[in-house]
Every structure is written in structure tokens, then in C-alpha cells.
Amino acid sequence: MAANFQILSYKTRDSLHLKLNGDFDGTSAYELINTIKDQGTNFYQIFIDTNDLRTIYAFGRNVLQKNFGSLKKLSNLIFIGENERDLAQN
């Protein structure tokens, strides 16, 4: 995992909010995937805030997108922020 990567989370009534910070690589993608699988099952929506990502590595994006199908079954994933297009499934 990128040494500076963090996921900050908070919950509202029906939503989980995940704020991504730092560099997003393959290991960071797996950390995000596991966080969504572990915490996201009881929420109607999951917001993924990408504003504080510095660098998004192609391998990290590919890992996330290859696992996107199984994540979409959990709930509605909503990417927000200036880097949303770099991570969201095309």
C-alpha cells in the first residue's frame, strides 16, 4: 500500500462515507475493496470521496475496476470529487 494512503470513514443513517487520502495503488485498491465489503453491507449508499487523492496509479485503478462487479452488488457506490472519473467504472 502506498505509505501515505488512508481511508477515513463516517456513517450517516443510510450511507457510508469513505474519504480517500494519499496515493492510490494496487494495495490501496484492495484496502478500499475490503473496507466496502466489510462495512458496506448495511448501507443503501456508499459515497467515495476522491478529492484528496494525489496520484492514482493505473494498476490501482485496474484492481478496483476488476472487482467493481462484486462491489456493486452490495449497494449503490457513488464516487464524488475531482478524481471520480479516474476511479469510477466507465
# chains A, B, ... in the order shown; residues from 1 in each chain; ligands from 1
call {"tool": "residues_around", "arguments": {"residues": "A:Thr12", "least_positions_apart": "2", "cutoff": "12 Å", "atoms": "only C-alpha atoms", "output": "number ranges by chain"}}
result
A: 9-10, 14-18, 42-47
call {"tool": "write_last_selection", "arguments": {"atoms": "N, CA and C atoms", "output": "compact mmCIF listing (two decimals), in the first residue's frame"}}
result
# COMPACT_ATOMS: atom_id res chain seq x y z
N SER A 9 -13.55 7.25 7.39
CA SER A 9 -14.95 6.91 7.18
C SER A 9 -15.84 7.49 8.26
N TYR A 10 -17.06 7.76 7.85
CA TYR A 10 -18.11 8.09 8.82
C TYR A 10 -19.43 7.62 8.24
N ASP A 14 -28.34 6.15 6.44
CA ASP A 14 -28.41 5.12 5.39
C ASP A 14 -27.16 5.05 4.53
N SER A 15 -26.14 5.83 4.87
CA SER A 15 -24.99 5.96 3.99
C SER A 15 -23.67 5.78 4.73
N LEU A 16 -22.71 5.25 3.99
CA LEU A 16 -21.33 5.17 4.46
C LEU A 16 -20.53 6.13 3.59
N HIS A 17 -19.71 6.95 4.22
CA HIS A 17 -18.88 7.92 3.51
C HIS A 17 -17.42 7.53 3.70
N LEU A 18 -16.72 7.34 2.58
CA LEU A 18 -15.31 6.99 2.62
C LEU A 18 -14.52 8.09 1.93
N ASN A 42 -24.57 -2.89 5.14
CA ASN A 42 -25.78 -2.41 5.80
C ASN A 42 -26.21 -1.02 5.35
N PHE A 43 -25.65 -0.54 4.26
CA PHE A 43 -25.93 0.83 3.84
C PHE A 43 -26.57 0.85 2.46
N TYR A 44 -27.47 1.80 2.29
CA TYR A 44 -28.13 1.97 1.00
C TYR A 44 -27.17 2.56 -0.03
N GLN A 45 -26.33 3.51 0.41
CA GLN A 45 -25.38 4.15 -0.49
C GLN A 45 -24.01 4.21 0.17
N ILE A 46 -22.98 4.15 -0.67
CA ILE A 46 -21.62 4.35 -0.22
C ILE A 46 -21.02 5.46 -1.07
N PHE A 47 -20.66 6.55 -0.42
CA PHE A 47 -20.03 7.68 -1.09
C PHE A 47 -18.53 7.55 -0.95
call {"tool": "residues_around", "arguments": {"residues": "stretch 59-74 of chain A", "least_positions_apart": "4", "cutoff": "9 Å", "atoms": "only C-alpha atoms", "output": "JSON list (two decimals) with N, CA and C atoms, in the first residue's frame"}}
result
[["chain", "number", "residue", "atom", "x", "y", "z"],
["A", 24, "PHE", "N", -3.05, 6.26, -4.61],
["A", 24, "PHE", "CA", -3.90, 5.09, -4.80],
["A", 24, "PHE", "C", -3.20, 4.09, -5.71],
["A", 25, "ASP", "N", -2.71, 2.99, -5.12],
["A", 25, "ASP", "CA", -2.04, 1.94, -5.88],
["A", 25, "ASP", "C", -2.84, 0.64, -5.74],
["A", 26, "GLY", "N", -2.26, -0.47, -6.17],
["A", 26, "GLY", "CA", -2.97, -1.74, -6.13],
["A", 26, "GLY", "C", -3.36, -2.18, -4.73],
["A", 27, "THR", "N", -2.46, -2.02, -3.79],
["A", 27, "THR", "CA", -2.76, -2.41, -2.41],
["A", 27, "THR", "C", -3.81, -1.48, -1.81],
["A", 28, "SER", "N", -3.76, -0.22, -2.17],
["A", 28, "SER", "CA", -4.78, 0.74, -1.72],
["A", 28, "SER", "C", -6.15, 0.34, -2.26],
["A", 29, "ALA", "N", -6.18, -0.14, -3.50],
["A", 29, "ALA", "CA", -7.44, -0.59, -4.10],
["A", 29, "ALA", "C", -8.01, -1.76, -3.31],
["A", 30, "TYR", "N", -7.15, -2.71, -2.95],
["A", 30, "TYR", "CA", -7.63, -3.84, -2.15],
["A", 30, "TYR", "C", -8.10, -3.40, -0.77],
["A", 32, "LEU", "N", -9.52, -0.53, -0.11],
["A", 32, "LEU", "CA", -10.84, 0.06, -0.36],
["A", 32, "LEU", "C", -11.87, -1.04, -0.59],
["A", 33, "ILE", "N", -11.54, -2.02, -1.40],
["A", 33, "ILE", "CA", -12.46, -3.14, -1.68],
["A", 33, "ILE", "C", -12.85, -3.84, -0.39],
["A", 36, "ILE", "N", -15.16, -1.71, 1.80],
["A", 36, "ILE", "CA", -16.53, -1.72, 1.28],
["A", 36, "ILE", "C", -17.21, -3.04, 1.60],
["A", 37, "LYS", "N", -16.52, -4.15, 1.41],
["A", 37, "LYS", "CA", -17.11, -5.46, 1.70],
["A", 37, "LYS", "C", -17.39, -5.64, 3.19],
["A", 40, "GLY", "N", -19.78, -2.06, 4.20],
["A", 40, "GLY", "CA", -20.81, -1.51, 3.33],
["A", 40, "GLY", "C", -22.09, -2.28, 3.19],
["A", 41, "THR", "N", -22.18, -3.44, 3.80],
["A", 41, "THR", "CA", -23.34, -4.29, 3.56],
["A", 41, "THR", "C", -24.64, -3.76, 4.15],
["A", 42, "ASN", "N", -24.57, -2.89, 5.14],
["A", 42, "ASN", "CA", -25.78, -2.41, 5.80],
["A", 42, "ASN", "C", -26.21, -1.02, 5.35],
["A", 43, "PHE", "N", -25.65, -0.54, 4.26],
["A", 43, "PHE", "CA", -25.93, 0.83, 3.84],
["A", 43, "PHE", "C", -26.57, 0.85, 2.46],
["A", 44, "TYR", "N", -27.47, 1.80, 2.29],
["A", 44, "TYR", "CA", -28.13, 1.97, 1.00],
["A", 44, "TYR", "C", -27.17, 2.56, -0.03],
["A", 86, "ASP", "N", -11.52, 9.12, -12.61],
["A", 86, "ASP", "CA", -10.34, 8.25, -12.66],
["A", 86, "ASP", "C", -10.58, 6.91, -11.97],
["A", 87, "LEU", "N", -11.52, 6.85, -11.04],
["A", 87, "LEU", "CA", -11.77, 5.60, -10.31],
["A", 87, "LEU", "C", -13.08, 4.92, -10.68],
["A", 88, "ALA", "N", -14.11, 5.67, -10.99],
["A", 88, "ALA", "CA", -15.42, 5.10, -11.26],
["A", 88, "ALA", "C", -15.37, 4.23, -12.51],
["A", 89, "GLN", "N", -16.17, 3.21, -12.50],
["A", 89, "GLN", "CA", -16.27, 2.29, -13.64],
["A", 89, "GLN", "C", -16.77, 3.04, -14.85],
["A", 90, "ASN", "N", -16.12, 2.85, -15.97],
["A", 90, "ASN", "CA", -16.53, 3.52, -17.21],
["A", 90, "ASN", "C", -17.66, 2.78, -17.85]]
call {"tool": "select_by_dssp", "arguments": {"residues": "chain A", "states": "alpha helix (DSSP H)", "output": "number ranges by chain"}}
result
A: 26-39, 58-66, 68-72, 84-87
call {"tool": "atom_distance", "arguments": {"atom1": "atom CA of A:Glu82", "atom2": "atom CA of A:Phe5"}}
result
17.0 Å
call {"tool": "select_by_dssp", "arguments": {"residues": "chain A", "states": "strand (DSSP E or B)", "output": "PyMOL selection string"}}
result
chain A and resi 6-11+15-24+45-56+76-80
call {"tool": "atom_distance", "arguments": {"atom1": "atom CA of A:Leu77", "atom2": "atom CA of A:Ile7"}}
result
15.4 Å
call {"tool": "atom_distance", "arguments": {"atom1": "atom CA of A:Ile80", "atom2": "atom CA of A:Lys19"}}
result
9.5 Å
call {"tool": "decode", "arguments": {"residues": "chain A", "atoms": "C-alpha atoms", "output": "PDB file, in the first residue's frame"}}
result
ATOM      1  CA  MET A   1       0.000   0.000   0.000  1.00  0.00           C
ATOM      2  CA  ALA A   2       1.188   3.498  -0.669  1.00  0.00           C
ATOM      3  CA  ALA A   3       2.742   4.725   2.557  1.00  0.00           C
ATOM      4  CA  ASN A   4       0.547   7.801   2.653  1.00  0.00           C
ATOM      5  CA  PHE A   5      -2.818   6.192   1.749  1.00  0.00           C
ATOM      6  CA  GLN A   6      -5.680   6.413   4.234  1.00  0.00           C
ATOM      7  CA  ILE A   7      -9.391   5.781   4.255  1.00  0.00           C
ATOM      8  CA  LEU A   8     -11.366   7.970   6.615  1.00  0.00           C
ATOM      9  CA  SER A   9     -14.952   6.909   7.177  1.00  0.00           C
ATOM     10  CA  TYR A  10     -18.111   8.093   8.816  1.00  0.00           C
ATOM     11  CA  LYS A  11     -21.669   6.895   8.753  1.00  0.00           C
ATOM     12  CA  THR A  12     -24.991   8.625   8.409  1.00  0.00           C
ATOM     13  CA  ARG A  13     -28.374   6.984   8.720  1.00  0.00           C
ATOM     14  CA  ASP A  14     -28.409   5.118   5.392  1.00  0.00           C
ATOM     15  CA  SER A  15     -24.986   5.956   3.989  1.00  0.00           C
ATOM     16  CA  LEU A  16     -21.333   5.171   4.459  1.00  0.00           C
ATOM     17  CA  HIS A  17     -18.883   7.917   3.506  1.00  0.00           C
ATOM     18  CA  LEU A  18     -15.308   6.987   2.618  1.00  0.00           C
ATOM     19  CA  LYS A  19     -12.749   9.735   2.110  1.00  0.00           C
ATOM     20  CA  LEU A  20      -9.609   8.593   0.292  1.00  0.00           C
ATOM     21  CA  ASN A  21      -6.321  10.367   1.048  1.00  0.00           C
ATOM     22  CA  GLY A  22      -2.856   9.980  -0.484  1.00  0.00           C
ATOM     23  CA  ASP A  23      -1.673   7.831  -3.383  1.00  0.00           C
ATOM     24  CA  PHE A  24      -3.900   5.087  -4.800  1.00  0.00           C
ATOM     25  CA  ASP A  25      -2.043   1.943  -5.878  1.00  0.00           C
ATOM     26  CA  GLY A  26      -2.967  -1.743  -6.133  1.00  0.00           C
ATOM     27  CA  THR A  27      -2.761  -2.406  -2.414  1.00  0.00           C
ATOM     28  CA  SER A  28      -4.782   0.736  -1.719  1.00  0.00           C
ATOM     29  CA  ALA A  29      -7.437  -0.591  -4.096  1.00  0.00           C
ATOM     30  CA  TYR A  30      -7.629  -3.845  -2.147  1.00  0.00           C
ATOM     31  CA  GLU A  31      -7.903  -1.904   1.109  1.00  0.00           C
ATOM     32  CA  LEU A  32     -10.837   0.059  -0.356  1.00  0.00           C
ATOM     33  CA  ILE A  33     -12.461  -3.136  -1.681  1.00  0.00           C
ATOM     34  CA  ASN A  34     -12.140  -4.855   1.704  1.00  0.00           C
ATOM     35  CA  THR A  35     -13.469  -1.792   3.529  1.00  0.00           C
ATOM     36  CA  ILE A  36     -16.530  -1.716   1.282  1.00  0.00           C
ATOM     37  CA  LYS A  37     -17.108  -5.462   1.698  1.00  0.00           C
ATOM     38  CA  ASP A  38     -16.640  -5.345   5.476  1.00  0.00           C
ATOM     39  CA  GLN A  39     -18.529  -2.154   6.273  1.00  0.00           C
ATOM     40  CA  GLY A  40     -20.809  -1.505   3.330  1.00  0.00           C
ATOM     41  CA  THR A  41     -23.341  -4.292   3.560  1.00  0.00           C
ATOM     42  CA  ASN A  42     -25.784  -2.406   5.797  1.00  0.00           C
ATOM     43  CA  PHE A  43     -25.933   0.827   3.839  1.00  0.00           C
ATOM     44  CA  TYR A  44     -28.125   1.968   0.996  1.00  0.00           C
ATOM     45  CA  GLN A  45     -25.377   4.151  -0.488  1.00  0.00           C
ATOM     46  CA  ILE A  46     -21.617   4.352  -0.223  1.00  0.00           C
ATOM     47  CA  PHE A  47     -20.031   7.682  -1.092  1.00  0.00           C
ATOM     48  CA  ILE A  48     -16.355   7.551  -2.069  1.00  0.00           C
ATOM     49  CA  ASP A  49     -14.726  10.983  -1.879  1.00  0.00           C
ATOM     50  CA  THR A  50     -11.698  11.229  -4.185  1.00  0.00           C
ATOM     51  CA  ASN A  51     -10.763  14.884  -3.633  1.00  0.00           C
ATOM     52  CA  ASP A  52      -7.674  14.171  -1.537  1.00  0.00           C
ATOM     53  CA  LEU A  53      -6.072  11.562  -3.782  1.00  0.00           C
ATOM     54  CA  ARG A  54      -2.692  12.747  -5.012  1.00  0.00           C
ATOM     55  CA  THR A  55      -1.689  10.094  -7.532  1.00  0.00           C
ATOM     56  CA  ILE A  56      -3.857   7.349  -8.997  1.00  0.00           C
ATOM     57  CA  TYR A  57      -1.730   4.572 -10.416  1.00  0.00           C
ATOM     58  CA  ALA A  58      -3.084   2.593 -13.358  1.00  0.00           C
ATOM     59  CA  PHE A  59      -2.637  -0.710 -11.527  1.00  0.00           C
ATOM     60  CA  GLY A  60      -4.717   0.555  -8.587  1.00  0.00           C
ATOM     61  CA  ARG A  61      -7.494   1.690 -10.908  1.00  0.00           C
ATOM     62  CA  ASN A  62      -7.406  -1.668 -12.739  1.00  0.00           C
ATOM     63  CA  VAL A  63      -7.616  -3.668  -9.499  1.00  0.00           C
ATOM     64  CA  LEU A  64     -10.617  -1.628  -8.373  1.00  0.00           C
ATOM     65  CA  GLN A  65     -12.399  -1.881 -11.708  1.00  0.00           C
ATOM     66  CA  LYS A  66     -11.848  -5.648 -11.978  1.00  0.00           C
ATOM     67  CA  ASN A  67     -13.595  -6.047  -8.615  1.00  0.00           C
ATOM     68  CA  PHE A  68     -16.274  -3.463  -9.325  1.00  0.00           C
ATOM     69  CA  GLY A  69     -18.965  -6.005 -10.252  1.00  0.00           C
ATOM     70  CA  SER A  70     -18.898  -7.732  -6.886  1.00  0.00           C
ATOM     71  CA  LEU A  71     -18.904  -4.374  -5.091  1.00  0.00           C
ATOM     72  CA  LYS A  72     -21.906  -3.039  -6.989  1.00  0.00           C
ATOM     73  CA  LYS A  73     -23.970  -5.940  -5.635  1.00  0.00           C
ATOM     74  CA  LEU A  74     -23.507  -4.617  -2.096  1.00  0.00           C
ATOM     75  CA  SER A  75     -25.085  -1.195  -2.601  1.00  0.00           C
ATOM     76  CA  ASN A  76     -25.007   1.945  -4.679  1.00  0.00           C
ATOM     77  CA  LEU A  77     -21.430   3.171  -4.994  1.00  0.00           C
ATOM     78  CA  ILE A  78     -21.207   6.892  -5.672  1.00  0.00           C
ATOM     79  CA  PHE A  79     -17.832   8.394  -6.487  1.00  0.00           C
ATOM     80  CA  ILE A  80     -17.525  12.095  -5.775  1.00  0.00           C
ATOM     81  CA  GLY A  81     -14.729  14.621  -6.018  1.00  0.00           C
ATOM     82  CA  GLU A  82     -12.264  15.812  -8.573  1.00  0.00           C
ATOM     83  CA  ASN A  83     -10.825  12.326  -9.226  1.00  0.00           C
ATOM     84  CA  GLU A  84     -14.133  10.474  -9.510  1.00  0.00           C
ATOM     85  CA  ARG A  85     -13.743   9.825 -13.235  1.00  0.00           C
ATOM     86  CA  ASP A  86     -10.340   8.248 -12.658  1.00  0.00           C
ATOM     87  CA  LEU A  87     -11.773   5.602 -10.313  1.00  0.00           C
ATOM     88  CA  ALA A  88     -15.416   5.099 -11.263  1.00  0.00           C
ATOM     89  CA  GLN A  89     -16.266   2.293 -13.638  1.00  0.00           C
ATOM     90  CA  ASN A  90     -16.534   3.516 -17.212  1.00  0.00           C
TER      91      ASN A  90
END
